[in-house]
Amino acid sequence: MSPQGRHPVLTGINFSLRAGESLALMGESGSGKSTLLHIIGALDEADQGDILLDGVHITTLNENQRSLLRRQTIGFVFQQFNLIASLTVCENLAFQARLADRHDPTWLAELTNRLGLQSLTMRYPEQLSGGQQQRVAIGRALAAKPRLLIADEPTGNLDEAAGDKALDLTLELVKDSGCSFLMATHSARLAARLQRRASLAAGVLLAI
Amino acid sequence: MFWTIAALASHWRKHPANLATLVIGITISTALWSGVQALNAQARHSYAQAAAIFTSGKNQNLVATRGGFFSQDFFVKFRKAGVKVSPIIEGTIRVNDKELHLIGIEPLTLPKGAMLSPSPDKTKVSSEILMYRGRAFVSPETLKSLSAKEGFRITTERNFLLPPLSEMNEAPPGAIIADIGVVQKALERQQQLTRLVSAEPIDSNSPHIAALMGDTLRIIEPDDVGDLTRLTDSFHLNLTAFGFLAFIVGFFIVHASYGLTFEQRLPMVRTLRALGASNLIIMTSMLFELAVITLLGGTAGIVCGYLIAAGLLPNVAASLEGLYGAQISGQLTLDAKWLLSGIAMASGGALLSGAAGLYRTLQLPVISLARPIAWRDAHYQYLKRQSLLAIMCLASALFVYFYGDDLKSGFIFIASFLLGIVLLLPLILVLLVKIGGSLSRSPLAFWFFADSRQEIPGLSLALMALLLALSSNIGVGGMVTGFRQTFLDWLDERLVAELYFETASRTAASEIEEWARHQPNIAAILPVWRTKTRIQGWPIEIMGMRKHETYSNHFPLLQAHDAVWNELQETDAILISEQLSHRLKLGVGAFLELPTPNKNWRVKIVGVFSDYGNPKGQIRIDHERLIKHFSDTSGTHYSLRVAPDSIKTIIEQLHQTFGAKIIRVVDQAEVKTISKEIFERTFTITTALNTLTLIVSAVALFSSLITLSNLRLTQIAPVWAIGITISALARLELIRILLFSACVAIMAIPLGLFLSWGLVTIINVLAFGWRLPMHFFPLQWMIVFLIALLTGLFAAIAPVMRLSKSTPASLLKAFSNER
């Protein structure tokens, strides 16, 4: 909605993602990348259209069902990390997995080691650097063994080196966990590292 | 600086709730404080007005050493000796069940500057006064209360017709002023006076003056507070204590809001500093902003305070009249001093509340403003600070307990202890939350307790205010309920006689007594004659008791010899009231020199009795000894033991047989009803202030929750994103507040009991001289517990509803606001 009235944020979006596949969604700021990811991630609702995730029509779900879907099927990594400030690193890592009743201490320990968080487990988010927080966010999302990992500009708040390292880890872990990966980015360099790329401009998806 | 102020002020456009909270906090606390001060000021103004009608406030007064009347011959003696004094007589008359203060003056001899002295600058008063002989003067308020008009003539209970009434603004409320000769006749005190006012300073050390005064008179210096001021001091101090409690609770709101404002504006202040605004400019701008808000809130508070005072004044007036016989005007007359003191309190409180934030703004270097202070560090510092403050308060309380011995120390002890425990509340809640977290089985429950811990600093001030208010309700409520229970039981024991009457004269009394002896349905005639004296400057009432089982079986004694009643009748023995025992520090077995008209009479104290509600001391002696040692007893008060079914008949017979010779007849039920009414009215003010304090704390909690609600969205959004519905999170928010409220309510019980204990064992004893037994009322605790839950519910419902209606868009926006 704007002072001029309603205008479509996304139109003509039509794509599919296979299990285990990774797709980079590129576009300038304001192109609708985050909106699309939020809808796919069952955080927001579309006015029209349908999304099928593992055979489930997301757009027909009510609030409770969407919450359940997010908990058990989707892992979301935000640009601003969005860790839970009142929980420690290890509590944050385990939180979604425990909610989904999928807590696996072995997998969690592996994630903690591979993300380089062993010495930071008892710290709180505000005691970590940006790069460390992002790694915790990635770990939290993957600890619950989601079917789909969505990352909205995960390196946007990191320097190039830290961003590259975070993406490397993410791609490794995604490959090992077997989940699909959907990432929004405005960096062609980062997008090139994923299997597929699509471009979003003015709410319209263009395949690359 | 203008643009700095404009930038800072723009914060309020985005956070109107925060601004509203600040203004409301200042308004409420100023309102309650200034309302109470207005009541106190009005009472003191009335006392001063009453005292100033025949002095200018700089004149000495000569009064009877033992209180009461003395011979007019002293006036003549002083005038003949060249000492310029003016005679005054005062007494009480009853008109339509209303007591009025009758004052007789001789205006031509009054000191210059006295309200009623004729002087060129008081033309109207002068001409009125010079016409006084044929007139009686009352204030417009008193005329209205008598439902009378100018020219009306009052007939006293002694059947004396007073001169026609004239309105005079200078007359104090509840008083009638007339010619001294007229008043002497009306009071049947011809050739008697109650005071001499000196027009010029008298040297109290002069042998000449001492010879004139003898043992009969004593001098009261101009700066000596009168009986009324002394007696009512405790009452007003109690009111002030309540007002201060409400003020503190209200400023908790201000402190919390200003602290939050500081945190929210941290990025803005960083930007202003980076752009070149100096510390001085920023500080000055913030102070200016605080001053404007304080002026707004303070002014609104003063207006509300006036309305509160106007609402409570009738009850205060009734209580003061009932307890102390004091007359205060029902019309609030306030001066600039009251207005300025209210603004000053508001300013002082606001400055104190904002001091922490202002200090931190001053201290922080530009670079470290780059990100907000980590909540955990801030939390730890906060708990450490609170604990230190709490320890200091508790230490102060202990110190005052052992080394203080007056009423103010008593209040400081209770206040310090209460504050010390209240300051520990956040630490206690943190511990409880940690325990809850460790016992949690589900991740959501674990998060709930961890998140609650993060919430505690933001809510702690409001919860502390709630704890204070609930403790006050339990403590004061428990004391009042216990007092009521004790008072009613005591009334039953004191008011055993079925009828009480007062006659117009001693002659009439003798007639009625003779008549009563021949009535078959009157079992006993018990005179309750009385007189006044002073011991160590305090007014004392002495009442006689005839030997009768009414007293030996019922009169409530707190301490006594085994053979107290025999000793009282057969020896020079007395009973004293509990407050007199406390004041004189004398108990059973001690001896006392009792001033009588002739000489001091050495008596032995054989018993101490409870005398709740009486601000003066009371002594009970054998009726025959009263007549023997005190020739000026009233001789007009009696009680009768009558068969219960004959009460009405006896009353009718008394009126029919004796007409105007009987001033008043009341039965036991009526006396008990009047006593209970005075009791209830006295505590209406307390109950009202208690309720207002509770409302203030509810507003504090509500304000904190509303102000924090935007921040909550940012804290809750990650959990929602992971997969918990917003309605579930909203429910958890409500449960959290209810749990906090419940914890506070449970803590309030022992704290309230401590307050109750402090009031009955320390404050009551020091203020009034009597000690009440401690009572426990579990039902009251349950009610307070429910009130706490309702307070939490009321405070949380709007923010929780707002949260539950959050759309995905607003939650997602919370993520972007994190940048």
# chains A, B, ... in the order shown; residues from 1 in each chain; ligands from 1
>>> closest_atom_pairs(of="chain A", to="chain B", cutoff="7 Å", atoms="only C-alpha atoms", output="Markdown table")
| residue | atom | partner | partner_atom | distance |
| --- | --- | --- | --- | --- |
| A:Leu43 | CA | B:Pro808 | CA | 6.3 |
| A:Asp44 | CA | B:Pro808 | CA | 5.5 |
| A:Glu63 | CA | B:Thr725 | CA | 6.7 |
| A:Asn64 | CA | B:Thr725 | CA | 6.1 |
| A:Ser67 | CA | B:Gly723 | CA | 4.2 |
| A:Leu68 | CA | B:Gly723 | CA | 5.8 |
| A:Arg70 | CA | B:Gly723 | CA | 5.1 |
| A:Arg71 | CA | B:Gly723 | CA | 4.4 |
| A:Gln80 | CA | B:Arg819 | CA | 6.6 |
| A:Asn82 | CA | B:Pro718 | CA | 5.7 |
| A:Leu83 | CA | B:Pro718 | CA | 6.6 |
| A:Ile84 | CA | B:Pro718 | CA | 6.4 |
| A:Ser86 | CA | B:Asp451 | CA | 5.4 |
| A:Leu87 | CA | B:Ala450 | CA | 6.5 |
| A:Phe95 | CA | B:Pro443 | CA | 6.5 |
| A:Gln96 | CA | B:Ile722 | CA | 6.3 |
| A:Arg98 | CA | B:Pro443 | CA | 6.1 |
| A:Leu99 | CA | B:Pro443 | CA | 6.2 |
| A:Glu126 | CA | B:Ala374 | CA | 6.1 |
>>> residues_around(residues="Phe160 of chain B", least_positions_apart="4", cutoff="7 Å", atoms="only C-alpha atoms", output="PyMOL selection string")
chain B and resi 155-156+186
>>> write_last_selection(atoms="all heavy atoms", output="PDB file, in the first residue's frame")
ATOM      1  N   THR B 155     -30.732  30.452  70.092  1.00  0.00           N
ATOM      2  CA  THR B 155     -31.005  30.148  71.508  1.00  0.00           C
ATOM      3  C   THR B 155     -30.101  28.992  71.900  1.00  0.00           C
ATOM      4  O   THR B 155     -30.138  27.943  71.271  1.00  0.00           O
ATOM      5  CB  THR B 155     -32.477  29.744  71.707  1.00  0.00           C
ATOM      6  OG1 THR B 155     -33.309  30.772  71.190  1.00  0.00           O
ATOM      7  CG2 THR B 155     -32.786  29.529  73.184  1.00  0.00           C
ATOM      8  N   THR B 156     -29.299  29.221  72.934  1.00  0.00           N
ATOM      9  CA  THR B 156     -28.360  28.170  73.340  1.00  0.00           C
ATOM     10  C   THR B 156     -29.091  27.086  74.097  1.00  0.00           C
ATOM     11  O   THR B 156     -30.268  27.240  74.452  1.00  0.00           O
ATOM     12  CB  THR B 156     -27.235  28.739  74.223  1.00  0.00           C
ATOM     13  OG1 THR B 156     -27.808  29.090  75.493  1.00  0.00           O
ATOM     14  CG2 THR B 156     -26.580  29.940  73.584  1.00  0.00           C
ATOM     15  N   ALA B 186     -24.083  33.940  78.487  1.00  0.00           N
ATOM     16  CA  ALA B 186     -24.516  32.754  77.715  1.00  0.00           C
ATOM     17  C   ALA B 186     -23.882  31.479  78.259  1.00  0.00           C
ATOM     18  O   ALA B 186     -24.514  30.425  78.290  1.00  0.00           O
ATOM     19  CB  ALA B 186     -24.161  32.943  76.248  1.00  0.00           C
TER      20      ALA B 186
END
>>> select_by_dssp(residues="segment 601-695 of chain B", states="alpha helix (DSSP H)", output="MDAnalysis selection string")
chainID B and resid 623:629 647:658 668:695
>>> atom_distance(atom1="atom CA of Tyr551 of chain B", atom2="atom CA of Asp622 of chain B")
11.3 Å
>>> atom_distance(atom1="atom CA of Gly769 of chain B", atom2="atom CA of Ser416 of chain B")
22.9 Å
>>> closest_residue(among="B:Arg736, B:Ser472, B:Ala509, B:Gly298", to="Ile28 of chain B", atoms="only C-alpha atoms")
B:Gly298
>>> residues_around(residues="Leu557 of chain B", least_positions_apart="3", cutoff="7 Å", atoms="only C-alpha atoms", output="list in words")
Ala560, Gly607, Val608, Phe609 and Ser610 of chain B
>>> residues_around(residues="segment 786-793 of chain B", least_positions_apart="3", cutoff="12 Å", atoms="only C-alpha atoms", output="number ranges by chain")
B: 459, 462-463, 465-471, 473-474, 691, 694-705, 731, 733-749, 779-783, 796-801
>>> write_last_selection(atoms="C-alpha atoms", output="compact mmCIF listing (two decimals), in the first residue's frame")
# COMPACT_ATOMS: atom_id res chain seq x y z
CA LEU B 459 9.19 -3.61 34.35
CA ALA B 462 6.36 -0.49 37.86
CA LEU B 463 6.42 -3.77 39.80
CA ALA B 465 5.44 0.57 42.68
CA LEU B 466 2.85 -2.21 42.70
CA LEU B 467 4.61 -3.93 45.61
CA LEU B 468 4.60 -0.69 47.60
CA ALA B 469 0.94 -0.09 46.87
CA LEU B 470 -0.13 -3.67 47.70
CA SER B 471 1.94 -3.73 50.91
CA ASN B 473 -3.07 -1.86 51.29
CA ILE B 474 -2.35 -4.94 53.40
CA THR B 691 -6.91 3.26 46.63
CA LEU B 694 -3.02 1.40 43.95
CA ILE B 695 -4.46 3.08 40.86
CA VAL B 696 -1.19 4.95 40.39
CA SER B 697 0.76 1.70 40.50
CA ALA B 698 -1.64 0.14 37.96
CA VAL B 699 -1.05 3.13 35.69
CA ALA B 700 2.69 2.70 36.23
CA LEU B 701 2.52 -0.94 35.12
CA PHE B 702 0.27 -0.11 32.18
CA SER B 703 2.57 2.74 31.09
CA SER B 704 5.63 0.53 31.28
CA LEU B 705 3.98 -2.21 29.23
CA ARG B 731 -0.89 -15.44 25.76
CA GLU B 733 2.96 -12.21 27.55
CA LEU B 734 -0.23 -12.10 29.59
CA ILE B 735 0.82 -15.10 31.68
CA ARG B 736 4.17 -13.43 32.35
CA ILE B 737 2.56 -10.26 33.69
CA LEU B 738 0.08 -12.24 35.77
CA LEU B 739 2.92 -14.33 37.21
CA PHE B 740 4.92 -11.20 38.02
CA SER B 741 1.83 -9.67 39.64
CA ALA B 742 1.23 -12.84 41.63
CA CYS B 743 4.86 -12.91 42.83
CA VAL B 744 4.58 -9.28 43.87
CA ALA B 745 1.31 -9.99 45.69
CA ILE B 746 2.85 -12.88 47.60
CA MET B 747 5.80 -10.68 48.60
CA ALA B 748 3.39 -7.93 49.62
CA ILE B 749 1.88 -10.09 52.36
CA LEU B 779 -9.24 -12.98 53.60
CA GLN B 780 -7.85 -9.49 53.09
CA TRP B 781 -4.63 -11.01 51.73
CA MET B 782 -6.62 -13.05 49.23
CA ILE B 783 -8.49 -9.95 48.13
CA ALA B 796 -1.44 -5.94 30.21
CA ILE B 797 -4.69 -6.30 28.29
CA ALA B 798 -4.16 -3.43 25.83
CA PRO B 799 -0.53 -4.18 24.97
CA VAL B 800 -1.31 -7.92 24.72
CA MET B 801 -4.31 -7.31 22.46
>>> atom_distance(atom1="atom CA of Ser756 of chain B", atom2="atom CA of Gly482 of chain B")
9.5 Å
>>> residues_around(residues="segment 176-191 of chain A", least_positions_apart="5", cutoff="6 Å", atoms="only C-alpha atoms", output="ChimeraX atom specification")
/A:19-28,147-153
>>> write_last_selection(atoms="all heavy atoms", output="tab-separated table (two decimals), in the first residue's frame")
chain	number	residue	atom	x	y	z
A	19	ALA	N	14.41	-30.88	-4.60
A	19	ALA	CA	15.02	-31.24	-3.32
A	19	ALA	C	16.53	-31.27	-3.46
A	19	ALA	O	17.05	-31.82	-4.43
A	19	ALA	CB	14.51	-32.61	-2.87
A	20	GLY	N	17.23	-30.61	-2.54
A	20	GLY	CA	18.69	-30.59	-2.56
A	20	GLY	C	19.28	-29.56	-3.49
A	20	GLY	O	20.49	-29.39	-3.58
A	21	GLU	N	18.43	-28.80	-4.19
A	21	GLU	CA	18.91	-27.83	-5.16
A	21	GLU	C	19.10	-26.48	-4.48
A	21	GLU	O	18.45	-26.17	-3.49
A	21	GLU	CB	17.86	-27.69	-6.28
A	21	GLU	CG	18.41	-27.09	-7.55
A	21	GLU	CD	17.36	-27.11	-8.65
A	21	GLU	OE1	16.15	-26.97	-8.35
A	21	GLU	OE2	17.76	-27.25	-9.83
A	22	SER	N	20.00	-25.65	-5.03
A	22	SER	CA	20.18	-24.30	-4.47
A	22	SER	C	19.89	-23.28	-5.54
A	22	SER	O	20.25	-23.46	-6.72
A	22	SER	CB	21.60	-24.13	-3.93
A	22	SER	OG	22.56	-24.29	-4.94
A	23	LEU	N	19.24	-22.20	-5.17
A	23	LEU	CA	18.85	-21.16	-6.11
A	23	LEU	C	19.16	-19.80	-5.49
A	23	LEU	O	18.82	-19.54	-4.34
A	23	LEU	CB	17.34	-21.26	-6.40
A	23	LEU	CG	16.72	-20.12	-7.21
A	23	LEU	CD1	17.22	-20.10	-8.65
A	23	LEU	CD2	15.18	-20.22	-7.21
A	24	ALA	N	19.82	-18.95	-6.26
A	24	ALA	CA	20.09	-17.58	-5.81
A	24	ALA	C	19.09	-16.65	-6.46
A	24	ALA	O	18.89	-16.69	-7.68
A	24	ALA	CB	21.52	-17.18	-6.18
A	25	LEU	N	18.48	-15.83	-5.66
A	25	LEU	CA	17.49	-14.87	-6.15
A	25	LEU	C	18.17	-13.50	-6.13
A	25	LEU	O	18.52	-12.97	-5.08
A	25	LEU	CB	16.30	-14.88	-5.21
A	25	LEU	CG	14.99	-14.26	-5.68
A	25	LEU	CD1	14.47	-14.96	-6.91
A	25	LEU	CD2	13.95	-14.38	-4.56
A	26	MET	N	18.39	-12.92	-7.29
A	26	MET	CA	19.11	-11.66	-7.34
A	26	MET	C	18.17	-10.52	-7.65
A	26	MET	O	17.11	-10.71	-8.24
A	26	MET	CB	20.18	-11.74	-8.44
A	26	MET	CG	21.31	-12.69	-8.08
A	26	MET	SD	22.38	-13.03	-9.47
A	26	MET	CE	22.75	-11.41	-10.06
A	27	GLY	N	18.59	-9.35	-7.30
A	27	GLY	CA	17.80	-8.16	-7.62
A	27	GLY	C	18.26	-6.98	-6.82
A	27	GLY	O	18.91	-7.14	-5.79
A	28	GLU	N	17.96	-5.79	-7.32
A	28	GLU	CA	18.33	-4.56	-6.63
A	28	GLU	C	17.47	-4.39	-5.36
A	28	GLU	O	16.47	-5.10	-5.19
A	28	GLU	CB	18.12	-3.34	-7.56
A	28	GLU	CG	18.97	-3.35	-8.83
A	28	GLU	CD	20.45	-3.26	-8.49
A	28	GLU	OE1	20.80	-2.51	-7.55
A	28	GLU	OE2	21.25	-3.95	-9.14
A	147	ARG	N	13.68	-28.97	5.51
A	147	ARG	CA	13.64	-29.43	4.13
A	147	ARG	C	14.08	-28.30	3.20
A	147	ARG	O	14.61	-28.54	2.12
A	147	ARG	CB	12.21	-29.86	3.75
A	147	ARG	CG	11.71	-31.03	4.57
A	147	ARG	CD	12.22	-32.34	4.05
A	147	ARG	NE	11.60	-32.61	2.76
A	147	ARG	CZ	12.24	-33.23	1.76
A	147	ARG	NH1	13.50	-33.60	1.88
A	147	ARG	NH2	11.62	-33.46	0.60
A	148	LEU	N	13.83	-27.06	3.66
A	148	LEU	CA	14.19	-25.90	2.85
A	148	LEU	C	14.88	-24.87	3.74
A	148	LEU	O	14.36	-24.51	4.79
A	148	LEU	CB	12.91	-25.28	2.24
A	148	LEU	CG	13.07	-23.93	1.55
A	148	LEU	CD1	13.95	-24.04	0.31
A	148	LEU	CD2	11.68	-23.37	1.14
A	149	LEU	N	16.08	-24.45	3.31
A	149	LEU	CA	16.76	-23.37	4.03
A	149	LEU	C	16.62	-22.11	3.20
A	149	LEU	O	16.97	-22.09	2.01
A	149	LEU	CB	18.24	-23.71	4.23
A	149	LEU	CG	19.06	-22.63	4.95
A	149	LEU	CD1	18.65	-22.50	6.40
A	149	LEU	CD2	20.56	-22.94	4.87
A	150	ILE	N	16.09	-21.05	3.81
A	150	ILE	CA	15.94	-19.76	3.13
A	150	ILE	C	16.87	-18.76	3.81
A	150	ILE	O	16.90	-18.67	5.03
A	150	ILE	CB	14.49	-19.24	3.23
A	150	ILE	CG1	13.51	-20.25	2.59
A	150	ILE	CG2	14.35	-17.88	2.55
A	150	ILE	CD1	12.04	-19.87	2.77
A	151	ALA	N	17.63	-18.05	3.01
A	151	ALA	CA	18.54	-17.05	3.56
A	151	ALA	C	18.30	-15.73	2.83
A	151	ALA	O	18.43	-15.67	1.61
A	151	ALA	CB	19.99	-17.50	3.40
A	152	ASP	N	17.95	-14.72	3.61
A	152	ASP	CA	17.65	-13.40	3.03
A	152	ASP	C	18.86	-12.50	3.21
A	152	ASP	O	19.11	-12.00	4.31
A	152	ASP	CB	16.42	-12.79	3.71
A	152	ASP	CG	15.99	-11.49	3.07
A	152	ASP	OD1	16.62	-11.05	2.08
A	152	ASP	OD2	15.01	-10.90	3.55
A	153	GLU	N	19.67	-12.37	2.12
A	153	GLU	CA	20.90	-11.57	2.16
A	153	GLU	C	21.71	-11.89	3.42
A	153	GLU	O	22.00	-11.02	4.23
A	153	GLU	CB	20.57	-10.08	2.11
A	153	GLU	CG	19.69	-9.69	0.96
A	153	GLU	CD	20.27	-8.54	0.14
A	153	GLU	OE1	21.49	-8.36	0.12
A	153	GLU	OE2	19.48	-7.81	-0.47
>>> closest_residue(among="A:Val9, A:Ala198, A:Ala144, A:Ala42", to="Asn62 of chain A", atoms="only C-alpha atoms")
A:Ala42
>>> residues_around(residues="Asp492 of chain B", least_positions_apart="4", cutoff="12 Å", atoms="only C-alpha atoms", output="count of residues only")
17
>>> residues_around(residues="Arg135 of chain A", least_positions_apart="3", cutoff="8 Å", atoms="only C-alpha atoms", output="PyMOL selection string")
chain A and resi 115+117+131-132+138-139+166
>>> write_last_selection(atoms="N, CA, C and O atoms", output="PDB file, in the first residue's frame")
ATOM      1  N   LEU A 115      30.917 -24.781  12.447  1.00  0.00           N
ATOM      2  CA  LEU A 115      30.691 -23.333  12.381  1.00  0.00           C
ATOM      3  C   LEU A 115      31.667 -22.560  13.270  1.00  0.00           C
ATOM      4  O   LEU A 115      31.631 -21.329  13.321  1.00  0.00           O
ATOM      5  N   LEU A 117      32.006 -22.533  16.565  1.00  0.00           N
ATOM      6  CA  LEU A 117      31.333 -21.879  17.703  1.00  0.00           C
ATOM      7  C   LEU A 117      31.633 -22.579  19.032  1.00  0.00           C
ATOM      8  O   LEU A 117      31.019 -22.246  20.049  1.00  0.00           O
ATOM      9  N   GLY A 131      29.818 -11.589  12.293  1.00  0.00           N
ATOM     10  CA  GLY A 131      30.095 -12.866  11.630  1.00  0.00           C
ATOM     11  C   GLY A 131      29.735 -14.044  12.531  1.00  0.00           C
ATOM     12  O   GLY A 131      29.163 -15.046  12.096  1.00  0.00           O
ATOM     13  N   GLN A 132      30.059 -13.928  13.782  1.00  0.00           N
ATOM     14  CA  GLN A 132      29.746 -15.004  14.737  1.00  0.00           C
ATOM     15  C   GLN A 132      28.230 -15.158  14.879  1.00  0.00           C
ATOM     16  O   GLN A 132      27.713 -16.273  14.907  1.00  0.00           O
ATOM     17  N   ILE A 138      22.821 -19.439  11.147  1.00  0.00           N
ATOM     18  CA  ILE A 138      22.868 -20.551  10.182  1.00  0.00           C
ATOM     19  C   ILE A 138      22.737 -21.880  10.921  1.00  0.00           C
ATOM     20  O   ILE A 138      21.965 -22.772  10.531  1.00  0.00           O
ATOM     21  N   GLY A 139      23.471 -21.982  12.027  1.00  0.00           N
ATOM     22  CA  GLY A 139      23.428 -23.217  12.809  1.00  0.00           C
ATOM     23  C   GLY A 139      22.040 -23.484  13.352  1.00  0.00           C
ATOM     24  O   GLY A 139      21.544 -24.619  13.338  1.00  0.00           O
ATOM     25  N   ALA A 166      30.974 -17.370   5.587  1.00  0.00           N
ATOM     26  CA  ALA A 166      29.629 -17.796   6.023  1.00  0.00           C
ATOM     27  C   ALA A 166      28.939 -18.581   4.904  1.00  0.00           C
ATOM     28  O   ALA A 166      28.309 -19.617   5.137  1.00  0.00           O
TER      29      ALA A 166
END
